[in-house]
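A short write-up of the structure that comes next.
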Amino acid sequence: MSTTRSRPLDLRAMGEVVRVSVPLMFGMVGNLVLMLVDRICLARYSEDALKASGPAVFTATTVIMVTTGAVGITRSYVAQAHGRGDKRGTVDEGANGFALGLVLSALLLAATPLLTRVPQLSGHPAHIQELEAQYLGLSTLFGAVMTLNMALSSYFNGMGRTRIPMTVGIIGQAVGVVMTVGLVFGRFGLPEMGMRGSALGTLCAVSVMFLGYAVCLPRGYAAGFGRLLRRGAGSIAGVLWLRLRRGAPAGGSLSLEELGQTAFVWLAGVLGPVALAANSVALALNYAAVIPLIGLGMGCNILCGRAVGAGRHGDIPHIMRVTLTISGGYVAAVAALQILTPSLLLSPFGLDGAGSAVTDHAVDTSRVLWTYAAAFMFSMVGSGVLECLGLARFGFVARIVLMWGLCVPTITVFVLLFRDDPDMLPVMWVIFSAFEAVMAAVCLWRIRRAVAGGENHLHTDSPAPQTA
């Protein structure tokens, strides 16, 4: 059993959290820029492309998150090996993660015919379905590369070398911006491909990232594959199966969260077209606001994984407190801006040119977005720590129960009671935030139990007692 005593926050710990997390934040911001450029290009290309892009992108993202999230567990395995001081183990864990990525990429590619039939279920006009199918047919290709990239970036992140994924990501994203503009509109000597060009631009971006990771890999990385292959087919299957069992719940949680956000968008439409338009703008602002929190959560996951690998479970509460202190300062600053200057923040996300009703409701909604950010910072940190302890399955089950068993039904009843009343949109956001706060509380409760019991389920099904 490990004992934990509260320690005062120290500058050294804060510096380590910032050192690991800030590059992850910049990588996330780059992804946001690429996403915004993609949506702006499709919106300017044609109204049909804009209509098709929403369902197609949401569907592709939901599916790809399953594979990338599952492979992302590699980060926790590498972090634990690094915490033990096992250099060979870090390489082996990285190789295991890439092997799992190859398997999941193949499965994703095999699902292409099925995914291209999804638009037929939407009831959209035939020409919109065709555009959606074009994008989804290529999404499995760039999704497969993204899955492999996740395995490679997780190796570097688990080692604490987060600047490499940041640099590789920014270079790939810059290429993606140029190729997306060129392939959508036919600029820079490239063919005009519209919706298909958007997907190919993303494929170019992730392909450049893959090459960048390959160049940065250490010389001994390939040896990890050799050691894995020498173990025999039965042992390889056992290793990958355990890795999949630990990673799949993490991917499932991300996918469920994306589906929950999608359901939230559709439910907001029940409050009327004004609420739907205002919510679209508020969602974009909210996504931009929480990106740094995702980076901080990943940084906490890496540092806690190191502590678990070294058998220092007692360090986990301190790392979490430091991360939450930094996150809290950020959320406080964002909350002040959202409350005091909402119009200024919303204007880059499509508020300019909107009607006065949409503007007023978007501003009112912006003033309560901080409630979601405050809850999300706790749930993001909690989910990251659960993952490094091998308890992602617990978070997955909790997400199912809270999101789909309680939150979505509650919001559904709420919007039906206040149908066509856009004034209720801020209240809807507060309800959504409340359930995210409950999710955070459940995660923190389970972490406290795991720390007290010295649990580490990444490699075994039973708790492995550790000493602090």
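If you're wondering about the labels, chains in the structure tokens are A, B, ... by order shown, residues count from 1 in each chain, ligands from 1 in order shown.
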
At a cut-off of 12 Å, can you tabulate as a Markdown table every residue of range 17-64 of chain A near range 132-135 of chain A together with its closest atom pair and the distance in Å to one decimal, using only C-alpha atoms and ordering rows by chain then number?
| residue | atom | partner | partner_atom | distance |
| --- | --- | --- | --- | --- |
| A:Leu42 | CA | A:Tyr135 | CA | 11.8 |
| A:Asp48 | CA | A:Glu132 | CA | 10.0 |
| A:Ala49 | CA | A:Glu132 | CA | 8.6 |
| A:Leu50 | CA | A:Glu132 | CA | 10.4 |
| A:Lys51 | CA | A:Glu132 | CA | 9.2 |
| A:Ala52 | CA | A:Glu132 | CA | 5.4 |
| A:Ser53 | CA | A:Glu132 | CA | 6.9 |
| A:Gly54 | CA | A:Glu132 | CA | 9.0 |
| A:Pro55 | CA | A:Glu132 | CA | 7.4 |
| A:Ala56 | CA | A:Glu132 | CA | 5.2 |
| A:Val57 | CA | A:Tyr135 | CA | 8.0 |
| A:Phe58 | CA | A:Glu132 | CA | 10.7 |
| A:Thr59 | CA | A:Glu132 | CA | 9.6 |
| A:Ala60 | CA | A:Tyr135 | CA | 8.5 |
| A:Thr61 | CA | A:Tyr135 | CA | 11.6 |

Nearby residues (only C-alpha atoms) at most 6 Å from Val184 in chain A, same-chain spacing under 6 positions excluded, as a list in words: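 Neighbouring residues, sequence-local ones excluded: Glu192, Met193, Gly194, Gly197 and Ser198 of chain A.
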
Residue list (alpha helix (DSSP H), DSSP) for range 323-463 of chain A, as a ChimeraX atom specification: /A:323-340,342-346,356-366,369-388,392-399,408-417,425-453

Best match for closeness to Val401 in chain A among A:Ser253, A:Gln80, A:Ser343, A:Ser21, counting only C-alpha atoms: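 Nearest candidate to Val401 in chain A out of A:Ser253, A:Gln80, A:Ser343, A:Ser21: A:Ser253.
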
Residue with smallest distance to Met25 in chain A - pool A:Gln129, A:Thr162, A:Ser207, A:Asn149, counting only C-alpha atoms: A:Thr162

Nearby residues (only C-alpha atoms) at most 7 Å from Gly101 in chain A, same-chain spacing under 4 positions excluded, as a PyMOL selection string: chain A and resi 71+97+105+147-148+151

Would you save the residues of that selection, restricted to N, CA, C and O atoms, as a PDB file, in the first residue's frame?
ATOM      1  N   VAL A  71      -4.435   3.110 -30.054  1.00  0.00           N
ATOM      2  CA  VAL A  71      -2.979   3.082 -30.203  1.00  0.00           C
ATOM      3  C   VAL A  71      -2.316   4.084 -29.257  1.00  0.00           C
ATOM      4  O   VAL A  71      -1.171   3.894 -28.829  1.00  0.00           O
ATOM      5  N   GLY A  97       3.450  -0.829 -29.841  1.00  0.00           N
ATOM      6  CA  GLY A  97       2.403   0.118 -30.211  1.00  0.00           C
ATOM      7  C   GLY A  97       2.295   0.286 -31.718  1.00  0.00           C
ATOM      8  O   GLY A  97       1.188   0.372 -32.267  1.00  0.00           O
ATOM      9  N   SER A 105      -4.768  -0.159 -38.588  1.00  0.00           N
ATOM     10  CA  SER A 105      -4.803   0.552 -39.873  1.00  0.00           C
ATOM     11  C   SER A 105      -5.360  -0.349 -40.963  1.00  0.00           C
ATOM     12  O   SER A 105      -6.147   0.091 -41.810  1.00  0.00           O
ATOM     13  N   THR A 147      -3.291   6.768 -37.607  1.00  0.00           N
ATOM     14  CA  THR A 147      -3.151   5.744 -36.579  1.00  0.00           C
ATOM     15  C   THR A 147      -1.681   5.387 -36.367  1.00  0.00           C
ATOM     16  O   THR A 147      -1.209   5.252 -35.224  1.00  0.00           O
ATOM     17  N   LEU A 148      -0.939   5.242 -37.473  1.00  0.00           N
ATOM     18  CA  LEU A 148       0.497   4.957 -37.368  1.00  0.00           C
ATOM     19  C   LEU A 148       1.234   6.145 -36.750  1.00  0.00           C
ATOM     20  O   LEU A 148       2.156   5.971 -35.941  1.00  0.00           O
ATOM     21  N   ALA A 151       0.948   6.103 -33.016  1.00  0.00           N
ATOM     22  CA  ALA A 151       1.873   5.166 -32.377  1.00  0.00           C
ATOM     23  C   ALA A 151       3.267   5.766 -32.256  1.00  0.00           C
ATOM     24  O   ALA A 151       3.924   5.653 -31.208  1.00  0.00           O
TER      25      ALA A 151
END

Who sits within 10 Å of range 231-243 of chain A, only C-alpha atoms, same chain under 3 positions skipped, as a PyMOL selection string: chain A and resi 70-71+73-74+77+93+96-97+99-101+103+226-228+246-248+390+458-461

CA of Arg419 in chain A to CA of Leu259 in chain A, distance in Å rounded to a single decimal: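 That distance, rounded to one decimal, is 22.0 Å.
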
Contacts of Pro292 in chain A at 9 Å (only C-alpha atoms; same-chain gap of 2+ positions) as a PyMOL selection string: chain A and resi 21-22+24-26+28-29+288-290+294-297+327+330

May I have the selected residues written with N, CA, C and O atoms, as a short mmCIF file (atom, residue, chain, number, x, y, z; two decimals), in the first residue's frame?
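Generated output (selection.cif):
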data_model
loop_
_atom_site.label_atom_id
_atom_site.label_comp_id
_atom_site.auth_asym_id
_atom_site.auth_seq_id
_atom_site.Cartn_x
_atom_site.Cartn_y
_atom_site.Cartn_z
N SER A 21 4.09 19.78 -21.42
CA SER A 21 2.74 20.05 -21.95
C SER A 21 2.69 21.11 -23.03
O SER A 21 1.88 21.01 -23.96
N VAL A 22 3.52 22.16 -22.93
CA VAL A 22 3.42 23.28 -23.88
C VAL A 22 3.60 22.83 -25.33
O VAL A 22 2.82 23.24 -26.22
N LEU A 24 2.84 20.02 -26.58
CA LEU A 24 1.60 19.32 -26.93
C LEU A 24 0.49 20.31 -27.25
O LEU A 24 -0.31 20.09 -28.16
N MET A 25 0.45 21.43 -26.51
CA MET A 25 -0.55 22.47 -26.79
C MET A 25 -0.36 23.07 -28.18
O MET A 25 -1.33 23.25 -28.93
N PHE A 26 0.89 23.37 -28.54
CA PHE A 26 1.14 23.95 -29.86
C PHE A 26 0.74 22.98 -30.97
O PHE A 26 0.23 23.39 -32.01
N MET A 28 -1.68 20.83 -30.77
CA MET A 28 -3.13 20.88 -30.82
C MET A 28 -3.62 22.13 -31.55
O MET A 28 -4.59 22.09 -32.34
N VAL A 29 -2.98 23.26 -31.31
CA VAL A 29 -3.36 24.50 -31.98
C VAL A 29 -3.17 24.36 -33.49
O VAL A 29 -3.98 24.83 -34.29
N ALA A 288 -11.79 25.79 -29.32
CA ALA A 288 -10.51 26.50 -29.29
C ALA A 288 -10.05 26.75 -27.85
O ALA A 288 -8.85 26.69 -27.55
N ALA A 289 -11.00 26.99 -26.95
CA ALA A 289 -10.64 27.32 -25.57
C ALA A 289 -10.11 26.11 -24.80
O ALA A 289 -9.24 26.27 -23.93
N VAL A 290 -10.60 24.91 -25.10
CA VAL A 290 -10.19 23.74 -24.31
C VAL A 290 -8.98 23.03 -24.87
O VAL A 290 -8.46 22.10 -24.24
N ILE A 294 -6.31 20.01 -23.16
CA ILE A 294 -6.01 18.67 -23.66
C ILE A 294 -4.50 18.43 -23.59
O ILE A 294 -4.04 17.36 -23.18
N GLY A 295 -3.72 19.44 -23.98
CA GLY A 295 -2.27 19.32 -23.89
C GLY A 295 -1.79 19.13 -22.47
O GLY A 295 -0.91 18.30 -22.20
N LEU A 296 -2.37 19.87 -21.53
CA LEU A 296 -2.00 19.72 -20.13
C LEU A 296 -2.39 18.35 -19.60
O LEU A 296 -1.65 17.74 -18.81
N GLY A 297 -3.55 17.84 -20.02
CA GLY A 297 -3.96 16.51 -19.60
C GLY A 297 -3.03 15.43 -20.10
O GLY A 297 -2.70 14.48 -19.38
N SER A 327 -3.86 24.66 -15.03
CA SER A 327 -5.09 24.65 -15.82
C SER A 327 -6.10 25.64 -15.25
O SER A 327 -6.80 26.34 -16.00
N TYR A 330 -5.36 29.14 -16.30
CA TYR A 330 -5.75 29.34 -17.70
C TYR A 330 -7.26 29.49 -17.82
O TYR A 330 -7.75 30.39 -18.52
#

Among listed residues A:Ala79, A:Ala144, A:Val118, A:Leu425, nearest Leu102 in chain A (using only C-alpha atoms):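 Going through A:Ala79, A:Ala144, A:Val118, A:Leu425 one by one, the smallest distance to Leu102 in chain A is for A:Ala144.
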
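Coordinates place CA of Thr62 in chain A at a distance of 9.6 Å from CA of Gly251 in chain A.
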
Distance query Gly186 in chain A at most 12 Å, only C-alpha atoms, self and fewer than 3 positions along chain excluded, as an NGL selection string: :A and (41 or 45 or 178-183 or 189-198 or 201)
